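**Q** Pasting upload08.txt below, which is compact mmCIF, N, CA and C atoms and all ligand atoms.
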```txt
# COMPACT_ATOMS: atom_id res chain seq x y z
N MET A 10 208.85 -32.15 7.46
CA MET A 10 208.84 -31.62 6.10
C MET A 10 209.86 -32.37 5.26
N THR A 11 209.54 -32.54 4.00
CA THR A 11 210.43 -33.24 3.08
C THR A 11 210.56 -32.41 1.81
N ALA A 12 211.80 -32.28 1.32
CA ALA A 12 212.01 -31.56 0.06
C ALA A 12 211.73 -32.52 -1.09
N VAL A 13 210.87 -32.08 -1.99
CA VAL A 13 210.47 -32.88 -3.14
C VAL A 13 210.84 -32.12 -4.42
N ARG A 14 211.57 -32.82 -5.31
CA ARG A 14 211.90 -32.19 -6.60
C ARG A 14 210.66 -32.22 -7.48
N VAL A 15 210.19 -31.05 -7.89
CA VAL A 15 208.92 -30.99 -8.63
C VAL A 15 209.11 -30.64 -10.10
N LEU A 16 210.24 -30.01 -10.44
CA LEU A 16 210.49 -29.60 -11.83
C LEU A 16 211.98 -29.47 -12.06
N ASP A 17 212.39 -29.60 -13.32
CA ASP A 17 213.73 -29.14 -13.70
C ASP A 17 213.71 -27.61 -13.74
N SER A 18 214.79 -26.99 -13.29
CA SER A 18 214.84 -25.52 -13.29
C SER A 18 214.57 -24.95 -14.67
N GLU A 19 215.13 -25.61 -15.69
CA GLU A 19 215.00 -25.07 -17.05
C GLU A 19 213.57 -25.18 -17.58
N ALA A 20 212.73 -25.92 -16.89
CA ALA A 20 211.34 -26.07 -17.35
C ALA A 20 210.47 -24.88 -16.95
N LEU A 21 211.00 -23.99 -16.10
CA LEU A 21 210.20 -22.86 -15.61
C LEU A 21 210.93 -21.56 -15.95
N ALA A 22 210.53 -20.96 -17.05
CA ALA A 22 211.16 -19.72 -17.50
C ALA A 22 210.69 -18.55 -16.65
N GLU A 23 211.39 -17.44 -16.75
CA GLU A 23 210.99 -16.22 -16.05
C GLU A 23 209.55 -15.86 -16.40
N GLY A 24 208.75 -15.61 -15.39
CA GLY A 24 207.35 -15.21 -15.60
C GLY A 24 206.41 -16.38 -15.86
N ALA A 25 206.95 -17.60 -15.90
CA ALA A 25 206.10 -18.76 -16.19
C ALA A 25 205.49 -19.32 -14.91
N ARG A 26 204.41 -20.06 -15.06
CA ARG A 26 203.82 -20.79 -13.95
C ARG A 26 203.52 -22.19 -14.43
N ALA A 27 203.47 -23.10 -13.45
CA ALA A 27 203.25 -24.51 -13.78
C ALA A 27 202.41 -25.13 -12.69
N VAL A 28 201.67 -26.17 -13.04
CA VAL A 28 200.93 -26.98 -12.08
C VAL A 28 201.69 -28.30 -11.92
N VAL A 29 201.99 -28.66 -10.67
CA VAL A 29 202.67 -29.93 -10.41
C VAL A 29 201.93 -30.67 -9.31
N GLU A 30 202.06 -31.98 -9.32
CA GLU A 30 201.47 -32.82 -8.28
C GLU A 30 202.61 -33.42 -7.47
N ALA A 31 202.52 -33.31 -6.15
CA ALA A 31 203.57 -33.87 -5.30
C ALA A 31 202.98 -34.21 -3.94
N ARG A 32 203.26 -35.42 -3.50
CA ARG A 32 202.81 -35.89 -2.18
C ARG A 32 201.31 -35.64 -1.97
N GLY A 33 200.55 -35.91 -2.98
CA GLY A 33 199.10 -35.81 -2.87
C GLY A 33 198.56 -34.40 -2.93
N ARG A 34 199.43 -33.44 -3.25
CA ARG A 34 198.97 -32.05 -3.35
C ARG A 34 199.13 -31.56 -4.78
N SER A 35 198.28 -30.63 -5.14
CA SER A 35 198.43 -29.93 -6.41
C SER A 35 198.98 -28.54 -6.09
N LEU A 36 200.09 -28.19 -6.73
CA LEU A 36 200.80 -26.94 -6.43
C LEU A 36 200.88 -26.06 -7.67
N ALA A 37 200.81 -24.75 -7.44
CA ALA A 37 201.11 -23.77 -8.48
C ALA A 37 202.52 -23.26 -8.20
N VAL A 38 203.40 -23.41 -9.19
CA VAL A 38 204.80 -23.01 -9.05
C VAL A 38 205.07 -21.89 -10.05
N VAL A 39 205.71 -20.83 -9.57
CA VAL A 39 205.87 -19.61 -10.38
C VAL A 39 207.31 -19.13 -10.27
N ARG A 40 207.88 -18.71 -11.41
CA ARG A 40 209.17 -18.02 -11.35
C ARG A 40 208.94 -16.54 -11.64
N LEU A 41 209.42 -15.72 -10.71
CA LEU A 41 209.18 -14.29 -10.82
C LEU A 41 210.43 -13.55 -10.37
N ARG A 42 210.96 -12.76 -11.29
CA ARG A 42 212.17 -11.96 -11.01
C ARG A 42 213.27 -12.83 -10.42
N GLY A 43 213.43 -14.00 -10.99
CA GLY A 43 214.53 -14.88 -10.61
C GLY A 43 214.25 -15.79 -9.43
N SER A 44 213.19 -15.55 -8.69
CA SER A 44 212.85 -16.40 -7.54
C SER A 44 211.69 -17.32 -7.91
N VAL A 45 211.65 -18.47 -7.24
CA VAL A 45 210.56 -19.42 -7.50
C VAL A 45 209.69 -19.51 -6.25
N PHE A 46 208.38 -19.52 -6.46
CA PHE A 46 207.41 -19.58 -5.37
C PHE A 46 206.45 -20.75 -5.62
N ALA A 47 205.91 -21.30 -4.52
CA ALA A 47 204.94 -22.39 -4.65
C ALA A 47 203.80 -22.15 -3.66
N ILE A 48 202.58 -22.23 -4.18
CA ILE A 48 201.38 -22.13 -3.34
C ILE A 48 200.44 -23.26 -3.75
N ASP A 49 199.41 -23.48 -2.91
CA ASP A 49 198.39 -24.46 -3.27
C ASP A 49 197.78 -24.07 -4.62
N ASN A 50 197.58 -25.06 -5.46
CA ASN A 50 197.02 -24.80 -6.79
C ASN A 50 195.51 -24.62 -6.75
N ILE A 51 194.87 -25.18 -5.74
CA ILE A 51 193.40 -25.24 -5.74
C ILE A 51 192.81 -24.01 -5.06
N CYS A 52 192.03 -23.28 -5.80
CA CYS A 52 191.41 -22.06 -5.30
C CYS A 52 190.37 -22.39 -4.23
N PRO A 53 190.39 -21.68 -3.09
CA PRO A 53 189.43 -21.97 -2.03
C PRO A 53 188.00 -21.54 -2.36
N HIS A 54 187.80 -20.82 -3.44
CA HIS A 54 186.45 -20.42 -3.82
C HIS A 54 185.69 -21.64 -4.35
N ARG A 55 186.00 -22.08 -5.56
CA ARG A 55 185.29 -23.24 -6.13
C ARG A 55 186.24 -24.18 -6.85
N GLY A 56 187.50 -24.19 -6.42
CA GLY A 56 188.41 -25.22 -6.90
C GLY A 56 189.09 -24.94 -8.22
N GLY A 57 189.07 -23.71 -8.69
CA GLY A 57 189.83 -23.38 -9.90
C GLY A 57 191.31 -23.65 -9.70
N GLU A 58 192.02 -23.82 -10.81
CA GLU A 58 193.45 -24.10 -10.71
C GLU A 58 194.24 -22.80 -10.85
N LEU A 59 194.78 -22.34 -9.74
CA LEU A 59 195.49 -21.07 -9.72
C LEU A 59 196.67 -21.07 -10.68
N GLY A 60 197.33 -22.23 -10.80
CA GLY A 60 198.51 -22.32 -11.65
C GLY A 60 198.20 -22.16 -13.13
N LEU A 61 196.93 -22.13 -13.49
CA LEU A 61 196.55 -21.90 -14.89
C LEU A 61 196.10 -20.47 -15.10
N GLY A 62 196.19 -19.67 -14.06
CA GLY A 62 195.69 -18.30 -14.14
C GLY A 62 196.75 -17.31 -14.58
N ASP A 63 196.34 -16.06 -14.69
CA ASP A 63 197.26 -14.99 -15.11
C ASP A 63 198.09 -14.52 -13.94
N LEU A 64 199.33 -14.21 -14.24
CA LEU A 64 200.25 -13.66 -13.25
C LEU A 64 200.47 -12.19 -13.57
N GLN A 65 200.17 -11.34 -12.60
CA GLN A 65 200.39 -9.90 -12.78
C GLN A 65 201.16 -9.41 -11.57
N GLY A 66 202.43 -9.09 -11.79
CA GLY A 66 203.28 -8.81 -10.64
C GLY A 66 203.35 -10.04 -9.77
N HIS A 67 203.16 -9.85 -8.46
CA HIS A 67 203.16 -10.99 -7.54
C HIS A 67 201.79 -11.63 -7.40
N HIS A 68 200.82 -11.16 -8.15
CA HIS A 68 199.45 -11.63 -7.98
C HIS A 68 199.09 -12.68 -9.03
N LEU A 69 198.62 -13.83 -8.54
CA LEU A 69 198.19 -14.91 -9.42
C LEU A 69 196.66 -14.96 -9.36
N TYR A 70 196.03 -14.80 -10.52
CA TYR A 70 194.57 -14.71 -10.61
C TYR A 70 193.97 -16.06 -10.96
N CYS A 71 192.98 -16.48 -10.18
CA CYS A 71 192.27 -17.72 -10.51
C CYS A 71 191.58 -17.55 -11.86
N PRO A 72 191.70 -18.56 -12.74
CA PRO A 72 191.08 -18.43 -14.06
C PRO A 72 189.56 -18.53 -14.03
N GLN A 73 188.99 -18.93 -12.88
CA GLN A 73 187.53 -19.11 -12.84
C GLN A 73 186.79 -17.80 -12.57
N HIS A 74 187.09 -17.16 -11.45
CA HIS A 74 186.34 -15.95 -11.10
C HIS A 74 187.25 -14.86 -10.57
N ALA A 75 188.55 -14.99 -10.86
CA ALA A 75 189.53 -13.92 -10.64
C ALA A 75 189.83 -13.61 -9.18
N TRP A 76 189.57 -14.55 -8.27
CA TRP A 76 190.17 -14.36 -6.96
C TRP A 76 191.68 -14.33 -7.17
N CYS A 77 192.38 -13.67 -6.26
CA CYS A 77 193.77 -13.35 -6.54
C CYS A 77 194.62 -13.52 -5.29
N PHE A 78 195.79 -14.15 -5.46
CA PHE A 78 196.66 -14.48 -4.32
C PHE A 78 198.09 -14.02 -4.60
N ASP A 79 198.76 -13.60 -3.53
CA ASP A 79 200.16 -13.20 -3.62
C ASP A 79 201.01 -14.47 -3.61
N VAL A 80 201.76 -14.71 -4.68
CA VAL A 80 202.53 -15.96 -4.76
C VAL A 80 203.65 -16.01 -3.73
N ARG A 81 204.03 -14.86 -3.17
CA ARG A 81 205.12 -14.86 -2.18
C ARG A 81 204.64 -15.36 -0.83
N THR A 82 203.36 -15.16 -0.52
CA THR A 82 202.85 -15.43 0.82
C THR A 82 201.62 -16.33 0.86
N GLY A 83 200.93 -16.47 -0.26
CA GLY A 83 199.66 -17.18 -0.28
C GLY A 83 198.49 -16.34 0.21
N GLU A 84 198.75 -15.09 0.57
CA GLU A 84 197.68 -14.25 1.09
C GLU A 84 196.76 -13.77 -0.03
N GLY A 85 195.47 -13.75 0.28
CA GLY A 85 194.50 -13.26 -0.67
C GLY A 85 194.62 -11.76 -0.83
N PHE A 86 194.62 -11.32 -2.10
CA PHE A 86 194.56 -9.88 -2.38
C PHE A 86 193.12 -9.50 -2.70
N PHE A 87 192.44 -10.41 -3.39
CA PHE A 87 191.00 -10.27 -3.61
C PHE A 87 190.39 -11.66 -3.56
N PRO A 88 189.54 -11.95 -2.58
CA PRO A 88 189.23 -11.09 -1.42
C PRO A 88 190.33 -11.21 -0.38
N GLN A 89 190.51 -10.18 0.38
CA GLN A 89 191.48 -10.23 1.46
C GLN A 89 190.95 -11.10 2.59
N GLY A 90 191.87 -11.75 3.29
CA GLY A 90 191.49 -12.60 4.41
C GLY A 90 191.27 -14.05 4.02
N VAL A 91 191.29 -14.35 2.73
CA VAL A 91 191.19 -15.74 2.26
C VAL A 91 192.55 -16.12 1.70
N ASN A 92 193.21 -17.07 2.35
CA ASN A 92 194.58 -17.39 1.99
C ASN A 92 194.69 -18.83 1.49
N VAL A 93 195.77 -19.10 0.76
CA VAL A 93 196.13 -20.47 0.41
C VAL A 93 197.50 -20.76 1.02
N ALA A 94 197.80 -22.05 1.15
CA ALA A 94 199.09 -22.43 1.74
C ALA A 94 200.23 -22.06 0.79
N ARG A 95 201.35 -21.63 1.38
CA ARG A 95 202.56 -21.42 0.60
C ARG A 95 203.62 -22.38 1.13
N PHE A 96 204.59 -22.67 0.28
CA PHE A 96 205.62 -23.65 0.62
C PHE A 96 206.99 -23.09 0.30
N ASP A 97 207.97 -23.45 1.13
CA ASP A 97 209.35 -23.03 0.87
C ASP A 97 209.87 -23.74 -0.37
N VAL A 98 210.67 -23.01 -1.13
CA VAL A 98 211.21 -23.52 -2.39
C VAL A 98 212.71 -23.30 -2.40
N ALA A 99 213.45 -24.26 -2.95
CA ALA A 99 214.88 -24.10 -3.18
C ALA A 99 215.20 -24.59 -4.59
N GLU A 100 216.25 -24.01 -5.17
CA GLU A 100 216.76 -24.51 -6.45
C GLU A 100 218.15 -25.04 -6.22
N ARG A 101 218.38 -26.27 -6.62
CA ARG A 101 219.71 -26.87 -6.55
C ARG A 101 219.77 -28.07 -7.50
N ASP A 102 220.98 -28.41 -7.89
CA ASP A 102 221.20 -29.57 -8.77
C ASP A 102 220.31 -29.52 -10.01
N GLY A 103 220.07 -28.32 -10.50
CA GLY A 103 219.28 -28.19 -11.73
C GLY A 103 217.80 -28.41 -11.54
N GLY A 104 217.34 -28.44 -10.30
CA GLY A 104 215.93 -28.70 -10.05
C GLY A 104 215.28 -27.70 -9.12
N ILE A 105 213.96 -27.74 -9.07
CA ILE A 105 213.16 -26.93 -8.15
C ILE A 105 212.60 -27.88 -7.10
N TRP A 106 212.88 -27.58 -5.83
CA TRP A 106 212.51 -28.44 -4.71
C TRP A 106 211.54 -27.69 -3.82
N VAL A 107 210.47 -28.34 -3.45
CA VAL A 107 209.46 -27.74 -2.57
C VAL A 107 209.40 -28.53 -1.26
N GLU A 108 209.37 -27.80 -0.15
CA GLU A 108 209.25 -28.42 1.17
C GLU A 108 207.78 -28.74 1.43
N LEU A 109 207.49 -30.03 1.59
CA LEU A 109 206.11 -30.44 1.80
C LEU A 109 205.98 -31.26 3.08
N PRO A 110 204.84 -31.16 3.74
CA PRO A 110 204.64 -31.95 4.96
C PRO A 110 204.51 -33.44 4.64
S1 LIG B 1 187.13 -20.88 -8.28
FE1 LIG B 1 188.74 -19.45 -8.03
S2 LIG B 1 187.74 -17.55 -8.01
FE2 LIG B 1 186.13 -18.97 -8.18
```
Could the structure of this file be written out as structure tokens, please?
Ligand code: FES

**A**
Amino acid sequence: MTAVRVLDSEALAEGARAVVEARGRSLAVVRLRGSVFAIDNICPHRGGELGLGDLQGHHLYCPQHAWCFDVRTGEGFFPQGVNVARFDVAERDGGIWVELP
């Protein structure tokens, strides 16, 4: 695993989400209640971009057909049993770093 700086911390306000590309992956990055989370951006249904969807609590809704994932774990809330990858995140030196394979 390698830590990759994907954003400046100040670029992600509380409650905001962003789409970033790193190491050949598209990631949805979210700041929620002071913590930052990163999951795969690409919806396993038909490829919608989760990072462009609505955030309600810990649930990020795909903008295409409203499948929904918990940003803390990548677990599907609707439908359950369909998950996306989640990645460890750290903030340091004014940046947001994601651990990627
Ligand atoms: S593409 Fe995400 S719910 Fe259909």

**Q** Within 5 Å of ligand LIG 1 (chain B), counting all atoms listed in the file: which residues, as a list in words?

**A** Cys52, His54, Arg55, Gly56, Gly57, Cys71, Gln73, His74, Ala75 and Trp76 of chain A

**Q** I need the residue nearest Ala25 of chain A from this list: A:Leu69, A:Val38, A:Cys77, A:Val91. Use only N, CA and C atoms for the distance.

**A**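 Under the stated criterion, the closest residue is A:Val38.
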
**Q** Can you pull out every residue within 8 Å of Arg26 of chain A, counting only N, CA and C atoms, but drop anything in the same chain fewer than 4 positions away, and send it as a PyMOL selection string?

**A** chain A and resi 20-22+37-41+59-62+64

**Q** Which residues are close to segment 29-36 of chain A, i.e. within 10 Å by only C-alpha atoms, leaving aside same-chain residues fewer than 6 positions away? Reply as a list in words.

**A**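 What passes the distance filter is Thr11, Val13, Arg14, Val15, Leu16, Phe46, Ala47, Ile48, Asp49, Asn50, Ile51, Glu58, Leu59, Gly60, Ala94, Arg95, Phe96, Val107, Leu109 and Pro110 of chain A.
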
**Q** Starting from 6 Å padding per side, set up an axis-aligned box that covers all listed atoms of segment 56-62 of chain A and hand over centre and edge lengths in Å, one decimal, as JSON.

**A**
```
{"center_x": 193.0, "center_y": -21.3, "center_z": -10.8, "size_x": 23.0, "size_y": 19.9, "size_z": 20.7}
```

**Q** One decimal, Å: what's the distance from atom N of Asp17 of chain A over to atom C of Pro72 of chain A, could you say?

**A**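 These atoms are spaced 25.4 Å apart.
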
**Q** Going by DSSP on the backbone, which residues of chain A come out as strand (DSSP E)? List them as a PyMOL selection string.

**A** chain A and resi 11-17+26-31+34-41+44-49+64-65+68-70+77-79+85-87+95-96+98-101+104-109

**Q** List as a ChimeraX atom specification the protein and nucleic acid residues near Val93 of chain A, meaning an atom at most 7 Å away when all atoms listed in the file are counted, but skip any in the same chain fewer than 3 places from it.

**A** /A:48-49,53,78,82-85

**Q** I need the residues in chain A that are helix (DSSP H, G or I) according to DSSP; give them as a PyMOL selection string.

**A** chain A and resi 18-20+59-61

**Q** Any idea what the distance is between atom CA of Glu19 of chain A and atom CA of Tyr70 of chain A?

**A**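 Here the two named atoms are 23.8 Å from each other.
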
**Q** Report, in Å with one decimal, the straight-line distance from atom N of Gly104 of chain A to atom C of Ser18 of chain A.

**A**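 For atom N of Gly104 of chain A relative to atom C of Ser18 of chain A, the distance reads 6.2 Å.
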